[in-house]
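File shown: protein32.tsv. Contents: TSV, C-alpha atoms.
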chain	number	residue	atom	x	y	z
A	1	ALA	CA	0.00	0.00	0.00
A	2	GLN	CA	1.14	3.51	-0.69
A	3	SER	CA	2.31	5.74	2.14
A	4	VAL	CA	2.36	9.50	2.57
A	5	SER	CA	4.99	11.34	4.60
A	6	GLN	CA	4.65	14.78	6.09
A	7	HIS	CA	7.47	16.08	8.24
A	8	ASN	CA	7.67	18.78	10.91
A	9	HIS	CA	4.34	18.01	12.45
A	10	HIS	CA	4.25	21.30	14.38
A	11	VAL	CA	5.06	24.55	12.61
A	12	ILE	CA	4.95	27.94	14.33
A	13	LEU	CA	5.51	31.14	12.39
A	14	SER	CA	4.67	34.82	12.43
A	15	GLU	CA	2.22	36.58	10.16
A	16	ALA	CA	3.67	37.54	6.77
A	17	ALA	CA	6.22	34.72	6.94
A	18	SER	CA	6.38	32.22	4.11
A	19	LEU	CA	5.12	28.68	4.60
A	20	GLU	CA	6.24	25.49	2.92
A	21	LEU	CA	4.99	22.06	3.94
A	22	GLY	CA	6.57	18.98	2.49
A	23	CYS	CA	4.72	15.91	1.24
A	24	ASN	CA	6.33	12.77	-0.15
A	25	TYR	CA	4.58	9.60	-1.21
A	26	SER	CA	5.58	6.08	-2.11
A	27	TYR	CA	3.75	4.78	-5.15
A	28	GLY	CA	5.21	4.13	-8.55
A	29	GLY	CA	2.17	4.66	-10.72
A	30	THR	CA	-0.02	7.60	-11.66
A	31	VAL	CA	-1.54	9.38	-8.71
A	32	ASN	CA	-4.01	12.08	-7.88
A	33	LEU	CA	-2.71	14.45	-5.22
A	34	PHE	CA	-4.51	16.63	-2.71
A	35	TRP	CA	-3.99	19.03	0.15
A	36	TYR	CA	-6.79	19.35	2.67
A	37	VAL	CA	-7.09	21.81	5.53
A	38	GLN	CA	-8.90	21.47	8.84
A	39	TYR	CA	-9.50	24.71	10.70
A	40	PRO	CA	-10.09	24.48	14.46
A	41	GLY	CA	-13.48	22.90	15.13
A	42	GLN	CA	-14.31	22.50	11.45
A	43	HIS	CA	-14.44	19.62	9.02
A	44	LEU	CA	-11.87	18.85	6.34
A	45	GLN	CA	-11.98	20.94	3.21
A	46	LEU	CA	-10.02	20.83	-0.02
A	47	LEU	CA	-7.24	23.37	-0.55
A	48	LEU	CA	-6.06	22.19	-3.94
A	49	LYS	CA	-5.70	19.14	-6.15
A	50	TYR	CA	-3.56	17.81	-8.96
A	51	PHE	CA	-4.60	15.29	-11.61
A	52	SER	CA	-2.52	16.10	-14.66
A	53	GLY	CA	-1.05	18.95	-16.70
A	54	ASP	CA	0.77	21.92	-15.18
A	55	PRO	CA	2.59	20.59	-12.10
A	56	LEU	CA	2.16	23.93	-10.32
A	57	VAL	CA	-1.39	24.14	-9.06
A	58	LYS	CA	-3.08	27.03	-7.32
A	59	GLY	CA	-5.72	26.60	-4.67
A	60	ILE	CA	-7.85	28.69	-2.41
A	61	LYS	CA	-6.62	31.39	-0.03
A	62	GLY	CA	-3.35	31.98	-1.88
A	63	PHE	CA	-1.99	28.45	-1.50
A	64	GLU	CA	-0.14	26.65	-4.25
A	65	ALA	CA	1.56	23.28	-4.59
A	66	GLU	CA	4.12	21.83	-6.95
A	67	PHE	CA	4.16	18.23	-8.13
A	68	ILE	CA	7.68	16.93	-8.78
A	69	LYS	CA	7.27	13.47	-10.21
A	70	SER	CA	10.95	12.52	-9.97
A	71	LYS	CA	10.95	13.30	-6.26
A	72	PHE	CA	7.49	11.83	-5.53
A	73	SER	CA	6.68	15.13	-3.85
A	74	PHE	CA	3.78	17.55	-3.69
A	75	ASN	CA	4.87	20.43	-1.46
A	76	LEU	CA	2.46	23.13	-0.35
A	77	ARG	CA	3.46	26.80	-0.25
A	78	LYS	CA	2.08	30.18	0.71
A	79	PRO	CA	4.25	33.29	0.33
A	80	SER	CA	2.74	35.25	3.22
A	81	VAL	CA	0.62	33.62	5.92
A	82	GLN	CA	-2.11	35.20	7.99
A	83	TRP	CA	-3.34	34.42	11.49
A	84	SER	CA	-6.41	32.81	9.88
A	85	ASP	CA	-4.17	30.17	8.29
A	86	THR	CA	-3.79	28.52	11.70
A	87	ALA	CA	-5.02	24.99	11.00
A	88	GLU	CA	-3.97	21.41	10.40
A	89	TYR	CA	-2.92	20.58	6.84
A	90	PHE	CA	-3.08	17.10	5.33
A	91	CYS	CA	-1.55	15.77	2.16
A	92	ALA	CA	-3.40	12.91	0.44
A	93	VAL	CA	-2.60	10.55	-2.41
A	94	ASN	CA	-5.04	8.50	-4.48
A	95	PRO	CA	-3.50	6.01	-6.91
A	96	TYR	CA	-5.21	6.25	-10.26
A	97	GLY	CA	-7.84	3.55	-10.66
A	98	ASN	CA	-7.28	2.22	-7.15
A	99	ASN	CA	-9.17	4.64	-4.91
A	100	ARG	CA	-7.12	3.69	-1.87
A	101	LEU	CA	-6.98	7.31	-0.70
A	102	ALA	CA	-4.19	7.67	1.86
A	103	PHE	CA	-3.37	10.63	4.09
A	104	GLY	CA	-0.24	11.86	5.79
A	105	LYS	CA	-0.10	12.54	9.51
A	106	GLY	CA	-0.69	16.23	9.01
A	107	ASN	CA	1.08	19.49	9.84
A	108	GLN	CA	-0.25	21.55	12.71
A	109	VAL	CA	0.44	25.16	11.69
A	110	VAL	CA	0.15	28.02	14.17
A	111	VAL	CA	0.47	31.58	12.91
A	112	ILE	CA	1.27	34.17	15.56
A	113	PRO	CA	-0.20	37.62	14.97
B	114	ASP	CA	-28.44	19.88	-0.41
B	115	GLY	CA	-25.85	17.39	-1.69
B	116	GLY	CA	-23.38	16.03	0.77
B	117	ILE	CA	-22.38	13.41	3.27
B	118	THR	CA	-24.23	12.88	6.49
B	119	GLN	CA	-22.73	11.11	9.46
B	120	SER	CA	-24.78	10.32	12.50
B	121	PRO	CA	-24.74	10.68	15.35
B	122	LYS	CA	-22.25	13.47	16.02
B	123	TYR	CA	-21.42	12.11	19.49
B	124	LEU	CA	-21.78	8.52	20.60
B	125	PHE	CA	-21.14	6.89	23.94
B	126	ARG	CA	-20.96	3.15	24.45
B	127	LYS	CA	-19.99	0.75	27.17
B	128	GLU	CA	-16.91	-1.35	26.73
B	129	GLY	CA	-17.67	-4.69	25.09
B	130	GLN	CA	-20.59	-3.47	23.03
B	131	ASN	CA	-20.65	-3.27	19.27
B	132	VAL	CA	-21.68	0.07	17.80
B	133	THR	CA	-22.59	1.09	14.26
B	134	LEU	CA	-21.79	4.49	12.78
B	135	SER	CA	-23.93	5.74	9.94
B	136	CYS	CA	-22.71	7.38	6.74
B	137	GLU	CA	-25.02	8.42	3.89
B	138	GLN	CA	-24.20	10.37	0.74
B	139	ASN	CA	-26.35	11.79	-2.03
B	140	LEU	CA	-23.51	12.81	-4.33
B	141	ASN	CA	-23.89	9.71	-6.52
B	142	HIS	CA	-20.32	8.75	-5.69
B	143	ASP	CA	-19.13	5.20	-6.26
B	144	ALA	CA	-16.27	5.24	-3.76
B	145	MET	CA	-16.71	5.60	-0.01
B	146	TYR	CA	-14.21	5.58	2.83
B	147	TRP	CA	-13.92	5.35	6.60
B	148	TYR	CA	-11.06	6.98	8.48
B	149	ARG	CA	-10.09	7.27	12.06
B	150	GLN	CA	-8.50	10.53	13.20
B	151	ASP	CA	-6.34	10.60	16.32
B	152	PRO	CA	-4.11	13.51	17.42
B	153	GLY	CA	-0.72	13.30	15.71
B	154	GLN	CA	-1.77	10.28	13.63
B	155	GLY	CA	-3.50	12.00	10.75
B	156	LEU	CA	-6.31	10.11	9.03
B	157	ARG	CA	-5.85	6.38	9.00
B	158	LEU	CA	-7.84	4.34	6.52
B	159	ILE	CA	-10.10	1.69	8.05
B	160	TYR	CA	-12.08	0.41	5.07
B	161	TYR	CA	-12.96	1.64	1.61
B	162	SER	CA	-15.39	0.63	-1.08
B	163	GLN	CA	-15.21	1.31	-4.79
B	164	ILE	CA	-18.58	-0.11	-5.69
B	165	VAL	CA	-21.72	-1.58	-4.18
B	166	ASN	CA	-21.28	-5.01	-2.55
B	167	ASP	CA	-17.50	-4.68	-2.55
B	168	PHE	CA	-15.07	-3.26	-0.01
B	169	GLN	CA	-11.41	-3.56	0.95
B	170	LYS	CA	-9.48	-3.35	4.19
B	171	GLY	CA	-7.43	-0.29	4.85
B	172	ASP	CA	-4.46	0.05	7.17
B	173	ILE	CA	-6.26	-0.47	10.46
B	174	ALA	CA	-9.25	-2.74	9.69
B	175	GLU	CA	-8.88	-5.04	12.71
B	176	GLY	CA	-11.85	-4.74	15.05
B	177	TYR	CA	-14.04	-3.02	12.46
B	178	SER	CA	-16.54	-4.23	9.87
B	179	VAL	CA	-18.47	-2.55	7.05
B	180	SER	CA	-21.15	-3.28	4.50
B	181	ARG	CA	-22.04	-1.64	1.19
B	182	GLU	CA	-25.50	-2.85	0.26
B	183	LYS	CA	-26.54	0.47	-1.26
B	184	LYS	CA	-24.56	3.03	-3.20
B	185	GLU	CA	-25.61	5.79	-0.80
B	186	SER	CA	-24.73	4.05	2.44
B	187	PHE	CA	-21.53	2.71	4.02
B	188	PRO	CA	-22.08	1.94	7.73
B	189	LEU	CA	-19.13	1.13	9.99
B	190	THR	CA	-19.42	-1.24	12.94
B	191	VAL	CA	-16.91	-0.88	15.73
B	192	THR	CA	-16.79	-4.30	17.37
B	193	SER	CA	-15.78	-5.31	20.86
B	194	ALA	CA	-12.56	-6.67	19.34
B	195	GLN	CA	-11.29	-3.13	18.66
B	196	LYS	CA	-8.82	-2.51	21.48
B	197	ASN	CA	-8.93	1.27	21.49
B	198	PRO	CA	-12.21	2.40	19.90
B	199	THR	CA	-12.47	5.86	21.41
B	200	ALA	CA	-11.71	8.21	18.50
B	201	PHE	CA	-13.07	10.61	15.92
B	202	TYR	CA	-14.40	8.77	12.85
B	203	LEU	CA	-14.68	10.38	9.43
B	204	CYS	CA	-16.58	9.14	6.41
B	205	ALA	CA	-15.84	10.34	2.89
B	206	SER	CA	-16.94	9.70	-0.66
B	207	SER	CA	-15.54	10.40	-4.10
B	208	SER	CA	-16.01	9.66	-7.73
B	209	LYS	CA	-14.23	6.50	-8.80
B	210	GLY	CA	-12.27	8.43	-11.39
B	211	GLY	CA	-10.82	7.09	-14.60
B	212	GLY	CA	-11.24	7.85	-18.27
B	213	ASN	CA	-12.33	11.41	-18.96
B	214	HIS	CA	-13.28	11.96	-15.35
B	215	PRO	CA	-10.09	11.78	-13.31
B	216	ASN	CA	-11.37	13.87	-10.41
B	217	THR	CA	-11.30	11.75	-7.28
B	218	GLU	CA	-11.62	14.59	-4.82
B	219	ALA	CA	-13.03	13.25	-1.56
B	220	PHE	CA	-15.83	14.98	0.31
B	221	PHE	CA	-16.08	14.50	4.03
B	222	GLY	CA	-18.82	14.27	6.57
B	223	GLN	CA	-18.76	16.15	9.86
B	224	GLY	CA	-17.54	13.11	11.75
B	225	THR	CA	-18.69	11.03	14.72
B	226	ARG	CA	-16.86	11.22	18.02
B	227	LEU	CA	-17.12	7.83	19.70
B	228	THR	CA	-16.35	7.47	23.37
B	229	VAL	CA	-16.23	4.05	24.96
B	230	VAL	CA	-16.48	3.97	28.73
The structure in this file should be written as structure tokens.
Amino acid sequence: AQSVSQHNHHVILSEAASLELGCNYSYGGTVNLFWYVQYPGQHLQLLLKYFSGDPLVKGIKGFEAEFIKSKFSFNLRKPSVQWSDTAEYFCAVNPYGNNRLAFGKGNQVVVIP
Amino acid sequence: DGGITQSPKYLFRKEGQNVTLSCEQNLNHDAMYWYRQDPGQGLRLIYYSQIVNDFQKGDIAEGYSVSREKKESFPLTVTSAQKNPTAFYLCASSSKGGGNHPNTEAFFGQGTRLTVV
């Protein structure tokens, strides 16, 4: 079964700082890639997704992610965070045609005003 | 409104009892999933189903059982064999993907918090 790795589980940064969260997966075939966000007390919602085409995808709230196939990575970035970006972020991988949707352990991000 | 409904939101059970968590979707999705969310563990896959009358074990299936008799419904039973059942359980559904419709974005319910005492 595929696995998804997210490092640096806890991230603390100040407003206006840049954010980058790493995501690596282990699966040799074609995959669909996702980043989900869970704000405090709320349910999971989609930030962005990649299926094919341009490996740089833009999502909601100024987030973007880059798929690097050779590195099996799908890192999430935001140039300038806000206090409202405080949340837990999850990377997810769905092998094409398999539907065994797997998640990483998440990154707890705290933005200090 | 289209979406996924999990019920109940909170559930309390005595140790040794089986309990069934409900998950219903009206998104016409083929694939459905059950995850368990624990602090620092992310979402761990319990079971998933790609089509009616078929399902596969995920990473932590021991002590759980599911059925998929209808496309809209994917109930999860937490049995007395599950050693640590107290957790937050999330149900999701997605299109199966493939062909000209590769989008397998998963939509989530609000979750059920199960507490076993």
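Taking all atoms listed in the file, the non-local environment of A:Leu33 within 8 Å (same-chain residues fewer than 2 positions away omitted) comprises Val31, Trp35, Lys49, Tyr50, Phe51, Phe74, Cys91, Ala92, Val93 and Asn94 of chain A.
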Would you mind telling me which residue in B:Lys183, B:Val191, B:Tyr161, B:Val229 lies nearest to chain A when using only C-alpha atoms?
B:Tyr161
Got a sec: who's within 8 Å of B:Pro121, counting all atoms listed in the file, leaving out chain neighbours fewer than 6 positions off, as a count of residues only?
3
Write down, as a ChimeraX atom specification, each residue of chain B that has any atom within 6 Å of an atom of chain A, counting only C-alpha atoms.
/B:154-156,223
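Atom CA of A:Ile68 is found 19.8 Å from atom CA of A:Asn8.
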Can you tell me, as AutoDock Vina command-line options, the centre and edge lengths (Å, one decimal) of the axis-aligned box enclosing all of stretch 21-31 of chain A's listed atoms after padding each side by 4 Å?
--center_x 2.5 --center_y 13.1 --center_z -3.9 --size_x 16.1 --size_y 25.9 --size_z 23.6
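Atom pair atom CA of B:Glu185 / atom CA of B:Ile164 has a distance of 10.4 Å (rounded to one decimal).
Atom to atom, atom CA of B:Gln130 and atom CA of B:Leu189 stand 13.9 Å apart.
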Using only C-alpha atoms for the distances, tell me which of A:Glu66, A:Cys23, A:Lys61, A:Gln38 is nearest to A:Gln82.
A:Lys61
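Nearest-residue note for B:Cys136: choosing from B:Tyr160, B:Tyr123, B:Phe187, B:Tyr177, the minimum distance belongs to B:Phe187, counting only C-alpha atoms.
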Which residues are close to B:Leu227, i.e. within 7 Å by all atoms listed in the file, leaving aside same-chain residues fewer than 4 positions away? Reply as a ChimeraX atom specification.
/B:123-125,199-201
Residues within 10 Å of (-7.9, -2.9, 3.1), counting only C-alpha atoms, listed as a ChimeraX atom specification:
/A:1,100 /B:158-162,168-175
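Comparing the minimum interatomic distances between B:Cys204 and each of B:Val132, B:Val165, B:Met145, B:Val230, counting all atoms listed in the file, we find that B:Met145 sits nearest.
Comparing A:Ala87, A:Ser5, A:Ser80, A:Ser73 by their smallest distance to A:Leu56, the closest is A:Ser73 (using only C-alpha atoms).
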Which residues, protein or nucleic acid, reach to within 7 Å of (-8.1, 27.7, 7.5) in the file's coordinates when using all atoms listed in the file, and can you give that as a ChimeraX atom specification?
/A:37-39,84-87
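The nearest approach to B:Arg126 among the residues B:Gln163, B:Asn141, B:Ser193, B:Ser180, with all atoms listed in the file taken into account, belongs to B:Ser193.
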Would you save stretch 51-66 of chain A from the block above with all heavy atoms, as a PDB file, in the first residue's frame?
ATOM      1  N   PHE A  51      -4.313  16.515 -10.880  1.00  0.00           N
ATOM      2  CA  PHE A  51      -4.596  15.285 -11.612  1.00  0.00           C
ATOM      3  C   PHE A  51      -3.621  15.106 -12.758  1.00  0.00           C
ATOM      4  O   PHE A  51      -3.092  14.018 -12.973  1.00  0.00           O
ATOM      5  CB  PHE A  51      -6.032  15.289 -12.168  1.00  0.00           C
ATOM      6  CG  PHE A  51      -7.068  15.429 -11.102  1.00  0.00           C
ATOM      7  CD1 PHE A  51      -8.083  16.354 -11.219  1.00  0.00           C
ATOM      8  CD2 PHE A  51      -7.022  14.646  -9.969  1.00  0.00           C
ATOM      9  CE1 PHE A  51      -9.031  16.494 -10.213  1.00  0.00           C
ATOM     10  CE2 PHE A  51      -7.971  14.774  -8.965  1.00  0.00           C
ATOM     11  CZ  PHE A  51      -8.979  15.709  -9.096  1.00  0.00           C
ATOM     12  N   SER A  52      -3.413  16.177 -13.522  1.00  0.00           N
ATOM     13  CA  SER A  52      -2.515  16.105 -14.665  1.00  0.00           C
ATOM     14  C   SER A  52      -2.237  17.519 -15.146  1.00  0.00           C
ATOM     15  O   SER A  52      -2.805  18.481 -14.642  1.00  0.00           O
ATOM     16  CB  SER A  52      -3.147  15.284 -15.793  1.00  0.00           C
ATOM     17  OG  SER A  52      -4.321  15.920 -16.266  1.00  0.00           O
ATOM     18  N   GLY A  53      -1.326  17.645 -16.112  1.00  0.00           N
ATOM     19  CA  GLY A  53      -1.051  18.953 -16.697  1.00  0.00           C
ATOM     20  C   GLY A  53       0.002  19.724 -15.919  1.00  0.00           C
ATOM     21  O   GLY A  53       0.949  19.144 -15.381  1.00  0.00           O
ATOM     22  N   ASP A  54      -0.183  21.030 -15.833  1.00  0.00           N
ATOM     23  CA  ASP A  54       0.770  21.918 -15.175  1.00  0.00           C
ATOM     24  C   ASP A  54       1.031  21.426 -13.751  1.00  0.00           C
ATOM     25  O   ASP A  54       0.106  21.323 -12.943  1.00  0.00           O
ATOM     26  CB  ASP A  54       0.214  23.337 -15.149  1.00  0.00           C
ATOM     27  CG  ASP A  54       1.231  24.371 -14.660  1.00  0.00           C
ATOM     28  OD1 ASP A  54       2.264  23.970 -14.070  1.00  0.00           O
ATOM     29  OD2 ASP A  54       0.990  25.567 -14.858  1.00  0.00           O
ATOM     30  N   PRO A  55       2.297  21.125 -13.425  1.00  0.00           N
ATOM     31  CA  PRO A  55       2.591  20.594 -12.096  1.00  0.00           C
ATOM     32  C   PRO A  55       2.479  21.634 -10.974  1.00  0.00           C
ATOM     33  O   PRO A  55       2.515  21.276  -9.807  1.00  0.00           O
ATOM     34  CB  PRO A  55       4.039  20.103 -12.223  1.00  0.00           C
ATOM     35  CG  PRO A  55       4.618  20.905 -13.335  1.00  0.00           C
ATOM     36  CD  PRO A  55       3.496  21.146 -14.289  1.00  0.00           C
ATOM     37  N   LEU A  56       2.350  22.891 -11.329  1.00  0.00           N
ATOM     38  CA  LEU A  56       2.164  23.929 -10.325  1.00  0.00           C
ATOM     39  C   LEU A  56       0.673  24.263 -10.272  1.00  0.00           C
ATOM     40  O   LEU A  56       0.110  24.779 -11.230  1.00  0.00           O
ATOM     41  CB  LEU A  56       2.984  25.175 -10.672  1.00  0.00           C
ATOM     42  CG  LEU A  56       2.954  26.300  -9.642  1.00  0.00           C
ATOM     43  CD1 LEU A  56       3.571  25.835  -8.322  1.00  0.00           C
ATOM     44  CD2 LEU A  56       3.686  27.523 -10.155  1.00  0.00           C
ATOM     45  N   VAL A  57       0.050  23.930  -9.164  1.00  0.00           N
ATOM     46  CA  VAL A  57      -1.393  24.139  -9.057  1.00  0.00           C
ATOM     47  C   VAL A  57      -1.682  25.196  -7.990  1.00  0.00           C
ATOM     48  O   VAL A  57      -0.999  25.270  -6.977  1.00  0.00           O
ATOM     49  CB  VAL A  57      -2.145  22.836  -8.715  1.00  0.00           C
ATOM     50  CG1 VAL A  57      -2.072  21.869  -9.863  1.00  0.00           C
ATOM     51  CG2 VAL A  57      -1.599  22.200  -7.453  1.00  0.00           C
ATOM     52  N   LYS A  58      -2.689  25.988  -8.269  1.00  0.00           N
ATOM     53  CA  LYS A  58      -3.080  27.031  -7.317  1.00  0.00           C
ATOM     54  C   LYS A  58      -4.414  26.649  -6.683  1.00  0.00           C
ATOM     55  O   LYS A  58      -5.304  26.106  -7.345  1.00  0.00           O
ATOM     56  CB  LYS A  58      -3.189  28.368  -8.035  1.00  0.00           C
ATOM     57  CG  LYS A  58      -1.849  28.852  -8.581  1.00  0.00           C
ATOM     58  CD  LYS A  58      -1.891  30.270  -9.046  1.00  0.00           C
ATOM     59  CE  LYS A  58      -0.563  30.671  -9.674  1.00  0.00           C
ATOM     60  NZ  LYS A  58       0.570  30.574  -8.722  1.00  0.00           N
ATOM     61  N   GLY A  59      -4.491  26.920  -5.378  1.00  0.00           N
ATOM     62  CA  GLY A  59      -5.717  26.596  -4.669  1.00  0.00           C
ATOM     63  C   GLY A  59      -6.351  27.831  -4.071  1.00  0.00           C
ATOM     64  O   GLY A  59      -6.077  28.945  -4.477  1.00  0.00           O
ATOM     65  N   ILE A  60      -7.174  27.576  -3.063  1.00  0.00           N
ATOM     66  CA  ILE A  60      -7.854  28.687  -2.414  1.00  0.00           C
ATOM     67  C   ILE A  60      -6.936  29.392  -1.428  1.00  0.00           C
ATOM     68  O   ILE A  60      -5.906  28.840  -1.020  1.00  0.00           O
ATOM     69  CB  ILE A  60      -9.123  28.199  -1.684  1.00  0.00           C
ATOM     70  CG1 ILE A  60      -8.762  27.165  -0.611  1.00  0.00           C
ATOM     71  CG2 ILE A  60     -10.114  27.620  -2.672  1.00  0.00           C
ATOM     72  CD1 ILE A  60      -9.919  26.783   0.287  1.00  0.00           C
ATOM     73  N   LYS A  61      -7.286  30.624  -1.088  1.00  0.00           N
ATOM     74  CA  LYS A  61      -6.617  31.389  -0.033  1.00  0.00           C
ATOM     75  C   LYS A  61      -5.131  31.605  -0.292  1.00  0.00           C
ATOM     76  O   LYS A  61      -4.353  31.718   0.653  1.00  0.00           O
ATOM     77  CB  LYS A  61      -6.839  30.726   1.333  1.00  0.00           C
ATOM     78  CG  LYS A  61      -8.309  30.525   1.635  1.00  0.00           C
ATOM     79  CD  LYS A  61      -8.568  30.059   3.040  1.00  0.00           C
ATOM     80  CE  LYS A  61     -10.068  29.882   3.234  1.00  0.00           C
ATOM     81  NZ  LYS A  61     -10.442  29.599   4.616  1.00  0.00           N
ATOM     82  N   GLY A  62      -4.725  31.653  -1.545  1.00  0.00           N
ATOM     83  CA  GLY A  62      -3.348  31.976  -1.880  1.00  0.00           C
ATOM     84  C   GLY A  62      -2.361  30.817  -1.789  1.00  0.00           C
ATOM     85  O   GLY A  62      -1.152  31.020  -1.898  1.00  0.00           O
ATOM     86  N   PHE A  63      -2.865  29.620  -1.569  1.00  0.00           N
ATOM     87  CA  PHE A  63      -1.987  28.453  -1.499  1.00  0.00           C
ATOM     88  C   PHE A  63      -1.687  27.920  -2.897  1.00  0.00           C
ATOM     89  O   PHE A  63      -2.500  28.029  -3.808  1.00  0.00           O
ATOM     90  CB  PHE A  63      -2.638  27.339  -0.666  1.00  0.00           C
ATOM     91  CG  PHE A  63      -2.599  27.593   0.810  1.00  0.00           C
ATOM     92  CD1 PHE A  63      -3.639  28.258   1.441  1.00  0.00           C
ATOM     93  CD2 PHE A  63      -1.518  27.167   1.569  1.00  0.00           C
ATOM     94  CE1 PHE A  63      -3.605  28.504   2.801  1.00  0.00           C
ATOM     95  CE2 PHE A  63      -1.480  27.397   2.935  1.00  0.00           C
ATOM     96  CZ  PHE A  63      -2.519  28.073   3.552  1.00  0.00           C
ATOM     97  N   GLU A  64      -0.509  27.328  -3.029  1.00  0.00           N
ATOM     98  CA  GLU A  64      -0.143  26.646  -4.251  1.00  0.00           C
ATOM     99  C   GLU A  64       0.682  25.409  -3.889  1.00  0.00           C
ATOM    100  O   GLU A  64       1.221  25.312  -2.773  1.00  0.00           O
ATOM    101  CB  GLU A  64       0.651  27.560  -5.188  1.00  0.00           C
ATOM    102  CG  GLU A  64       1.992  28.001  -4.656  1.00  0.00           C
ATOM    103  CD  GLU A  64       2.756  28.873  -5.645  1.00  0.00           C
ATOM    104  OE1 GLU A  64       2.110  29.587  -6.444  1.00  0.00           O
ATOM    105  OE2 GLU A  64       3.995  28.829  -5.610  1.00  0.00           O
ATOM    106  N   ALA A  65       0.770  24.476  -4.824  1.00  0.00           N
ATOM    107  CA  ALA A  65       1.562  23.278  -4.589  1.00  0.00           C
ATOM    108  C   ALA A  65       2.217  22.872  -5.895  1.00  0.00           C
ATOM    109  O   ALA A  65       1.681  23.108  -6.979  1.00  0.00           O
ATOM    110  CB  ALA A  65       0.700  22.137  -4.057  1.00  0.00           C
ATOM    111  N   GLU A  66       3.383  22.254  -5.776  1.00  0.00           N
ATOM    112  CA  GLU A  66       4.121  21.831  -6.954  1.00  0.00           C
ATOM    113  C   GLU A  66       4.353  20.331  -6.916  1.00  0.00           C
ATOM    114  O   GLU A  66       4.875  19.797  -5.933  1.00  0.00           O
ATOM    115  CB  GLU A  66       5.466  22.553  -7.040  1.00  0.00           C
ATOM    116  CG  GLU A  66       6.235  22.214  -8.318  1.00  0.00           C
ATOM    117  CD  GLU A  66       7.511  22.991  -8.467  1.00  0.00           C
ATOM    118  OE1 GLU A  66       7.953  23.625  -7.483  1.00  0.00           O
ATOM    119  OE2 GLU A  66       8.069  22.958  -9.585  1.00  0.00           O
TER     120      GLU A  66
END
